[in-house]
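Containing mmCIF, C-alpha atoms and all ligand atoms: work06.cif.
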```cif
data_query
#
loop_
_atom_site.label_atom_id
_atom_site.label_comp_id
_atom_site.auth_asym_id
_atom_site.auth_seq_id
_atom_site.Cartn_x
_atom_site.Cartn_y
_atom_site.Cartn_z
CA MET A 357 18.15 34.10 13.86
CA SER A 358 21.28 32.53 12.52
CA ARG A 359 20.90 29.10 10.98
CA LYS A 360 23.82 26.89 10.02
CA TYR A 361 24.13 26.68 6.25
CA PHE A 362 23.41 23.29 4.72
CA ILE A 363 24.78 22.10 1.38
CA ALA A 364 23.54 18.74 0.13
CA GLY A 365 24.48 16.90 -3.03
CA ASN A 366 21.78 14.82 -4.67
CA TRP A 367 23.68 12.52 -7.01
CA LYS A 368 20.42 11.12 -8.45
CA MET A 369 21.04 8.03 -10.66
CA ASN A 370 24.73 8.78 -11.20
CA LYS A 371 28.02 7.24 -10.05
CA THR A 372 28.85 3.59 -9.54
CA PRO A 373 30.11 2.59 -6.08
CA GLU A 374 33.69 2.95 -7.37
CA GLU A 375 33.10 6.39 -8.88
CA GLY A 376 31.09 7.46 -5.86
CA ALA A 377 33.85 6.47 -3.44
CA LYS A 378 36.35 8.50 -5.48
CA LEU A 379 34.15 11.61 -5.55
CA ALA A 380 33.34 11.25 -1.85
CA SER A 381 37.04 10.96 -0.93
CA GLU A 382 37.82 14.11 -2.88
CA ILE A 383 35.01 16.00 -1.15
CA ALA A 384 36.02 14.63 2.27
CA SER A 385 39.62 15.68 1.80
CA ILE A 386 38.58 19.25 0.92
CA VAL A 387 35.91 19.61 3.63
CA SER A 388 38.06 17.71 6.12
CA LYS A 389 36.85 18.25 9.68
CA ASP A 390 35.40 21.71 9.08
CA ALA A 391 31.84 21.52 10.35
CA SER A 392 31.00 25.23 9.96
CA VAL A 393 28.58 24.27 7.17
CA ASP A 394 26.53 21.06 7.18
CA VAL A 395 27.70 19.09 4.14
CA VAL A 396 25.70 16.05 3.08
CA ILE A 397 26.11 13.79 0.05
CA CYS A 398 23.33 11.51 -1.18
CA PRO A 399 24.53 8.74 -3.52
CA THR A 400 22.52 5.86 -4.96
CA PHE A 401 21.73 2.91 -2.68
CA THR A 402 24.47 0.71 -4.14
CA ALA A 403 27.13 3.37 -3.50
CA LEU A 404 26.06 4.20 0.08
CA ASP A 405 28.36 1.75 1.83
CA ARG A 406 31.50 2.66 -0.12
CA VAL A 407 30.77 6.38 0.17
CA SER A 408 30.15 5.98 3.89
CA GLN A 409 33.62 4.47 4.29
CA ALA A 410 35.18 7.16 2.11
CA ILE A 411 33.88 10.03 4.27
CA GLU A 412 34.59 8.40 7.62
CA GLY A 413 36.48 10.74 9.94
CA SER A 414 35.52 13.85 7.92
CA ALA A 415 32.71 16.31 8.63
CA VAL A 416 30.82 15.17 5.50
CA LYS A 417 27.58 13.38 6.30
CA LEU A 418 25.71 10.73 4.35
CA GLY A 419 22.17 10.85 3.03
CA ALA A 420 19.98 8.55 0.94
CA GLN A 421 17.64 9.50 -1.88
CA ASN A 422 14.59 7.61 -0.67
CA LEU A 423 13.28 5.07 1.83
CA TYR A 424 10.20 2.94 2.33
CA PRO A 425 8.08 3.50 5.44
CA LYS A 426 8.25 -0.06 6.80
CA THR A 427 10.80 -1.83 8.96
CA SER A 428 11.20 -4.92 6.75
CA GLY A 429 9.15 -7.40 4.77
CA ALA A 430 7.73 -8.15 1.34
CA TYR A 431 8.37 -4.82 -0.40
CA THR A 432 10.38 -5.76 -3.46
CA GLY A 433 12.86 -3.12 -4.51
CA GLU A 434 12.57 -1.00 -1.36
CA ILE A 435 14.96 0.03 1.42
CA SER A 436 14.16 0.55 5.12
CA PRO A 437 15.47 3.22 7.49
CA GLU A 438 17.24 0.55 9.52
CA MET A 439 19.22 -0.48 6.42
CA LEU A 440 20.18 3.15 5.89
CA ARG A 441 21.19 3.60 9.52
CA GLU A 442 23.47 0.61 9.30
CA VAL A 443 25.59 2.35 6.64
CA PHE A 444 25.49 5.53 8.78
CA ALA A 445 23.10 7.53 6.62
CA LYS A 446 21.79 10.45 8.66
CA PHE A 447 19.53 12.11 6.09
CA VAL A 448 17.06 11.10 3.41
CA ILE A 449 15.65 13.11 0.50
CA LEU A 450 11.86 12.70 0.40
CA GLY A 451 9.23 13.95 -2.02
CA HIS A 452 11.69 14.96 -4.73
CA SER A 453 9.81 16.20 -7.79
CA GLU A 454 11.31 13.38 -9.85
CA ARG A 455 9.71 10.85 -7.49
CA ARG A 456 6.44 12.75 -7.53
CA GLU A 457 6.48 12.90 -11.34
CA TYR A 458 7.91 9.52 -12.42
CA PHE A 459 6.77 7.36 -9.50
CA GLY A 460 3.47 9.02 -8.69
CA GLU A 461 4.31 9.88 -5.09
CA SER A 462 1.51 11.79 -3.39
CA ASP A 463 1.70 14.19 -0.48
CA ALA A 464 0.10 11.52 1.72
CA PHE A 465 2.79 8.95 0.84
CA VAL A 466 5.57 11.50 1.27
CA ASN A 467 4.06 12.35 4.65
CA GLU A 468 4.13 8.67 5.70
CA LYS A 469 7.80 8.55 4.78
CA VAL A 470 8.60 11.79 6.61
CA LYS A 471 6.98 10.50 9.80
CA PHE A 472 8.57 7.07 9.54
CA SER A 473 12.02 8.50 8.89
CA LEU A 474 11.71 10.73 11.98
CA GLU A 475 10.53 7.83 14.13
CA ASN A 476 13.52 5.85 12.89
CA LEU A 477 16.12 8.57 13.42
CA ILE A 478 16.83 9.53 9.83
CA ASN A 479 16.47 13.26 9.18
CA PRO A 480 14.15 14.00 6.25
CA ILE A 481 14.89 16.61 3.59
CA LEU A 482 11.34 17.34 2.42
CA CYS A 483 11.26 18.61 -1.18
CA ILE A 484 8.51 20.82 -2.53
CA GLY A 485 8.14 22.98 -5.62
CA GLU A 486 5.89 24.04 -8.47
CA THR A 487 5.97 23.14 -12.16
CA LEU A 488 6.27 25.74 -14.90
CA GLU A 489 2.54 25.53 -15.65
CA GLN A 490 1.71 26.08 -12.01
CA ARG A 491 4.03 29.09 -11.82
CA GLU A 492 2.56 30.56 -14.98
CA ALA A 493 -0.94 30.05 -13.60
CA ASP A 494 0.16 31.96 -10.48
CA GLU A 495 -0.34 28.88 -8.29
CA THR A 496 3.20 28.68 -6.85
CA LEU A 497 2.45 29.67 -3.28
CA GLU A 498 -0.65 27.49 -3.11
CA VAL A 499 1.19 24.43 -4.49
CA VAL A 500 4.10 24.91 -2.13
CA LYS A 501 1.72 25.33 0.81
CA THR A 502 -0.18 22.14 -0.04
CA GLN A 503 3.01 20.11 -0.43
CA LEU A 504 4.62 21.55 2.72
CA LEU A 505 1.63 21.11 5.02
CA GLY A 506 0.72 17.80 3.35
CA GLY A 507 4.23 16.47 3.99
CA LEU A 508 4.19 17.61 7.62
CA VAL A 509 0.80 16.25 8.75
CA GLY A 510 1.23 14.81 12.24
CA VAL A 511 4.83 16.01 12.58
CA GLU A 512 5.20 17.60 16.00
CA ALA A 513 7.02 20.84 16.82
CA SER A 514 9.48 18.80 18.89
CA GLN A 515 10.49 16.88 15.75
CA MET A 516 11.05 19.91 13.54
CA GLY A 517 14.67 20.31 14.62
CA SER A 518 15.35 17.20 12.53
CA VAL A 519 13.49 18.35 9.41
CA VAL A 520 15.07 20.23 6.50
CA VAL A 521 12.85 21.68 3.76
CA ALA A 522 14.04 22.05 0.15
CA TYR A 523 12.27 24.37 -2.26
CA GLU A 524 12.97 23.17 -5.78
CA PRO A 525 11.01 24.82 -8.57
CA VAL A 526 10.58 21.95 -11.04
CA TRP A 527 11.24 24.20 -14.04
CA ALA A 528 14.68 25.06 -12.66
CA ILE A 529 15.87 21.49 -12.10
CA GLY A 530 18.55 20.42 -14.54
CA THR A 531 17.50 23.13 -16.99
CA GLY A 532 20.12 25.78 -16.30
CA LYS A 533 17.25 28.14 -15.41
CA THR A 534 17.53 29.36 -11.85
CA ALA A 535 14.90 31.20 -9.91
CA THR A 536 16.18 34.72 -9.38
CA PRO A 537 17.22 35.33 -5.79
CA LYS A 538 14.14 37.56 -5.41
CA MET A 539 11.77 34.88 -6.76
CA ALA A 540 13.35 32.23 -4.55
CA GLN A 541 13.26 34.45 -1.45
CA GLU A 542 9.59 35.19 -2.00
CA VAL A 543 8.77 31.48 -1.83
CA HIS A 544 11.24 30.77 0.99
CA GLY A 545 9.70 33.64 2.97
CA SER A 546 6.24 32.16 2.52
CA ILE A 547 7.49 28.70 3.57
CA ARG A 548 8.99 30.29 6.69
CA ALA A 549 5.71 32.07 7.44
CA LEU A 550 3.80 28.78 7.13
CA LEU A 551 6.25 27.02 9.46
CA ASN A 552 6.03 29.88 11.97
CA GLU A 553 2.26 29.76 11.85
CA LYS A 554 2.09 25.99 12.31
CA TYR A 555 4.84 25.54 14.88
CA GLY A 556 5.46 28.98 16.40
CA ASP A 557 8.30 31.36 15.55
CA ALA A 558 10.81 29.76 17.92
CA VAL A 559 10.57 26.50 15.98
CA GLY A 560 9.92 27.85 12.47
CA GLU A 561 12.85 30.24 12.53
CA LYS A 562 15.25 27.36 13.19
CA VAL A 563 14.23 25.19 10.22
CA ARG A 564 16.70 25.20 7.33
CA ILE A 565 15.10 25.89 3.95
CA LEU A 566 17.31 24.92 1.01
CA TYR A 567 17.03 26.11 -2.57
CA GLY A 568 17.45 23.60 -5.40
CA GLY A 569 17.40 24.00 -9.17
CA SER A 570 20.49 24.72 -11.28
CA MET A 571 22.39 26.09 -8.29
CA LYS A 572 26.08 26.45 -9.09
CA PRO A 573 29.09 28.39 -7.86
CA ALA A 574 28.27 31.32 -10.19
CA ASN A 575 24.80 31.96 -8.73
CA ALA A 576 25.20 30.59 -5.21
CA GLU A 577 26.44 33.69 -3.48
CA GLU A 578 23.42 35.80 -4.36
CA LEU A 579 20.95 33.03 -3.55
CA LEU A 580 22.61 32.21 -0.23
CA SER A 581 22.60 35.85 0.86
CA GLN A 582 18.78 35.89 0.85
CA LYS A 583 17.25 36.02 4.30
CA ASP A 584 15.44 32.67 4.18
CA ILE A 585 17.76 30.66 1.93
CA ASP A 586 19.81 28.48 4.25
CA GLY A 587 21.62 26.30 1.77
CA GLY A 588 21.24 24.29 -1.38
CA LEU A 589 20.17 20.91 -2.66
CA ILE A 590 22.47 20.45 -5.59
CA GLY A 591 22.11 18.08 -8.54
CA GLY A 592 24.46 18.51 -11.51
CA ALA A 593 27.03 20.66 -9.72
CA ALA A 594 27.33 18.04 -6.96
CA LEU A 595 28.83 15.49 -9.35
CA ASP A 596 32.18 17.24 -9.45
CA SER A 597 34.22 17.76 -6.28
CA ASN A 598 35.45 21.22 -7.29
CA SER A 599 32.07 22.72 -8.10
CA PHE A 600 30.46 21.07 -5.07
CA CYS A 601 33.18 22.29 -2.72
CA ASP A 602 32.98 25.77 -4.27
CA LEU A 603 29.34 25.76 -3.21
CA VAL A 604 30.36 24.74 0.30
CA ALA A 605 32.87 27.61 0.25
CA ALA A 606 30.15 30.02 -0.90
CA ALA A 607 28.02 28.94 2.05
CA LYS A 608 30.95 29.57 4.39
CA ARG A 609 31.28 33.11 3.09
CA ALA A 610 27.54 33.80 3.14
CA PRO A 611 26.25 36.25 5.77
P1 LIG B 701 20.13 20.46 -10.57
O1 LIG B 701 21.07 21.15 -9.61
O2 LIG B 701 20.83 19.54 -11.50
O3 LIG B 701 19.23 21.45 -11.25
O4 LIG B 701 19.17 19.52 -9.67
C1 LIG B 701 18.55 20.03 -8.56
C2 LIG B 701 17.89 18.94 -7.82
O5 LIG B 701 16.93 18.35 -8.28
C3 LIG B 701 18.46 18.54 -6.53
O6 LIG B 701 17.64 17.67 -5.84
#
```
For the file at hand, write its structure as structure tokens.
Amino acid sequence: MSRKYFIAGNWKMNKTPEEGAKLASEIASIVSKDASVDVVICPTFTALDRVSQAIEGSAVKLGAQNLYPKTSGAYTGEISPEMLREVFAKFVILGHSERREYFGESDAFVNEKVKFSLENLINPILCIGETLEQREADETLEVVKTQLLGGLVGVEASQMGSVVVAYEPVWAIGTGKTATPKMAQEVHGSIRALLNEKYGDAVGEKVRILYGGSMKPANAEELLSQKDIDGGLIGGAALDSNSFCDLVAAAKRAP
């Protein structure tokens, strides 16, 4: 089963609208109209509009880093899918470990957001991953299973074409420590097996599963050549157009 590679940049709380527009223009001019790899950039809310304009006409797509599962109303500080759609955001990162850790997001809340984003035509990138303690206690596969199935409660097989999963071991995020390709593939393979079991092979085999956690041009090739690693969710290396586009190039070369 060949799946189109998917490289997404999570800019986290970095880049002003001005800086974001500059970085996005650089990426758009390198990627141009080449859609052989799905390339998505996810700036902060305030930079979305400028970045959206900067990538117009290129194959680069826009994503947000969060949303709130309501259409509008008294939810101070939150952003609705409709607001994201208006600036042409197509994707949203949900359940990132930083949101789980610093903002107390539970699997049930992440699940609400996943369902609401699908109903409102924004494609969710559902993030899951274990902490160092959980890995050392040999709980990785159990944690990943709970987060994956918890995030997908009530999501139908017919909606899975719009869902991207990102496996991000928490201990590898921003630390320079990467899961070895073998370690990552073991978890990706188990995620694939869970998706196949829940939705049937025809659906599960089509879902893109990204790796995230200190992915950079130097380690991308080996990670991307693993059977069930279909791309990357990139933090630090996405803040520079050269390193980000080198990752896109690595995905183009990947088998
Ligand atoms: P780093 O690439 O900086 O480790 O971040 C990964 C990540 O959290 C992407 O969502």
Give me, as JSON lines, each residue of chain A that comes within 7 Å of ligand LIG 701 (chain B), together with its shortest interatomic pair and the distance in Å at one decimal, counting only C-alpha atoms and all ligand atoms, with rows ordered by chain and rising residue number.
```
{"residue": "A:Asn366", "atom": "CA", "partner": "B:LIG701", "partner_atom": "O6", "distance": 5.2}
{"residue": "A:His452", "atom": "CA", "partner": "B:LIG701", "partner_atom": "O6", "distance": 6.6}
{"residue": "A:Glu524", "atom": "CA", "partner": "B:LIG701", "partner_atom": "O5", "distance": 6.7}
{"residue": "A:Ala528", "atom": "CA", "partner": "B:LIG701", "partner_atom": "O3", "distance": 6.0}
{"residue": "A:Ile529", "atom": "CA", "partner": "B:LIG701", "partner_atom": "O3", "distance": 3.5}
{"residue": "A:Gly530", "atom": "CA", "partner": "B:LIG701", "partner_atom": "O3", "distance": 3.5}
{"residue": "A:Thr531", "atom": "CA", "partner": "B:LIG701", "partner_atom": "O3", "distance": 6.2}
{"residue": "A:Gly532", "atom": "CA", "partner": "B:LIG701", "partner_atom": "O3", "distance": 6.7}
{"residue": "A:Gly568", "atom": "CA", "partner": "B:LIG701", "partner_atom": "C1", "distance": 4.9}
{"residue": "A:Gly569", "atom": "CA", "partner": "B:LIG701", "partner_atom": "O3", "distance": 3.8}
{"residue": "A:Ser570", "atom": "CA", "partner": "B:LIG701", "partner_atom": "O3", "distance": 3.5}
{"residue": "A:Met571", "atom": "CA", "partner": "B:LIG701", "partner_atom": "O1", "distance": 5.3}
{"residue": "A:Leu589", "atom": "CA", "partner": "B:LIG701", "partner_atom": "C3", "distance": 4.8}
{"residue": "A:Ile590", "atom": "CA", "partner": "B:LIG701", "partner_atom": "O1", "distance": 4.3}
{"residue": "A:Gly591", "atom": "CA", "partner": "B:LIG701", "partner_atom": "O1", "distance": 3.4}
{"residue": "A:Gly592", "atom": "CA", "partner": "B:LIG701", "partner_atom": "O2", "distance": 3.8}
{"residue": "A:Ala593", "atom": "CA", "partner": "B:LIG701", "partner_atom": "O1", "distance": 6.0}
```
Same residues, C-alpha atoms, output as a PDB file, keeping the file's coordinate frame:
```pdb
ATOM      1  CA  ASN A 366      21.780  14.820  -4.670  1.00  0.00           C
ATOM      2  CA  HIS A 452      11.690  14.960  -4.730  1.00  0.00           C
ATOM      3  CA  GLU A 524      12.970  23.170  -5.780  1.00  0.00           C
ATOM      4  CA  ALA A 528      14.680  25.060 -12.660  1.00  0.00           C
ATOM      5  CA  ILE A 529      15.870  21.490 -12.100  1.00  0.00           C
ATOM      6  CA  GLY A 530      18.550  20.420 -14.540  1.00  0.00           C
ATOM      7  CA  THR A 531      17.500  23.130 -16.990  1.00  0.00           C
ATOM      8  CA  GLY A 532      20.120  25.780 -16.300  1.00  0.00           C
ATOM      9  CA  GLY A 568      17.450  23.600  -5.400  1.00  0.00           C
ATOM     10  CA  GLY A 569      17.400  24.000  -9.170  1.00  0.00           C
ATOM     11  CA  SER A 570      20.490  24.720 -11.280  1.00  0.00           C
ATOM     12  CA  MET A 571      22.390  26.090  -8.290  1.00  0.00           C
ATOM     13  CA  LEU A 589      20.170  20.910  -2.660  1.00  0.00           C
ATOM     14  CA  ILE A 590      22.470  20.450  -5.590  1.00  0.00           C
ATOM     15  CA  GLY A 591      22.110  18.080  -8.540  1.00  0.00           C
ATOM     16  CA  GLY A 592      24.460  18.510 -11.510  1.00  0.00           C
ATOM     17  CA  ALA A 593      27.030  20.660  -9.720  1.00  0.00           C
TER      18      ALA A 593
END
```
Neighbour list for stretch 359-361 of chain A as a VMD selection string, cut-off 12 Å, all atoms listed in the file, skip fewer than 2 positions in-chain = chain A and resid 357 363 to 364 391 to 396 517 520 559 to 567 580 to 589 603 to 611
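Distance check against A:Arg455 using only C-alpha atoms: of A:Asn422, A:Thr536, A:Asn479, A:Asn598, the minimum falls on A:Asn422.
Here atom CA of A:Val509 is placed at a distance of 27.8 Å from atom CA of A:Ala535.
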* **Point (18.3, 8.7, 6.9) neighbourhood (7 Å, only C-alpha atoms) written as an MDAnalysis selection string** => chainID A and resid 419:420 437 440:441 445:448 473 477:480
Of A:Cys398, A:Val466, A:Ile411, A:Met439, the one sitting nearest A:Met369 when using only C-alpha atoms is A:Cys398
The residue from A:Asn467, A:Lys572, A:Ile484, A:Trp527 with the smallest atom-to-atom distance to A:Val511, counting only C-alpha atoms, is A:Asn467
Box centre and edge lengths (Å, one decimal), axis-aligned, stretch 539-545 of chain A plus 5 Å each side, as JSON:
```
{"center_x": 11.1, "center_y": 33.0, "center_z": -1.9, "size_x": 14.6, "size_y": 14.4, "size_z": 19.7}
```
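With only C-alpha atoms as the atoms that count, the residue of A:Lys426, A:Arg406, A:Arg491, A:Lys501 with the shortest distance to A:Asp463 is A:Lys501.
Closest approach to A:Leu423 among A:Glu542, A:Glu468, A:Glu374, A:Glu382 is made by A:Glu468 (distances from all atoms listed in the file).
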Using all atoms listed in the file, the shortest atom-to-atom distance to A:Phe472 among A:Gln490, A:Ser358, A:Gln515, A:Ser381 belongs to A:Gln515
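Those residues that approach A:Ser388 to within 6 Å, counting all atoms listed in the file, are Ala384, Ser385 and Ser414 of chain A; same-chain residues fewer than 3 positions away are not listed.
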#### Entry: Contacts of A:Lys371 within 8 Å, only C-alpha atoms, excl. fewer than 3 positions in-chain, as a ChimeraX atom specification
/A:367,374-376,399-400,403
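The interatomic distance for the pair atom CA of A:Phe401 and atom CA of A:Glu486 works out to 27.0 Å.
Atom CA of A:Lys471 is positioned 16.5 Å from atom CA of A:Leu551.
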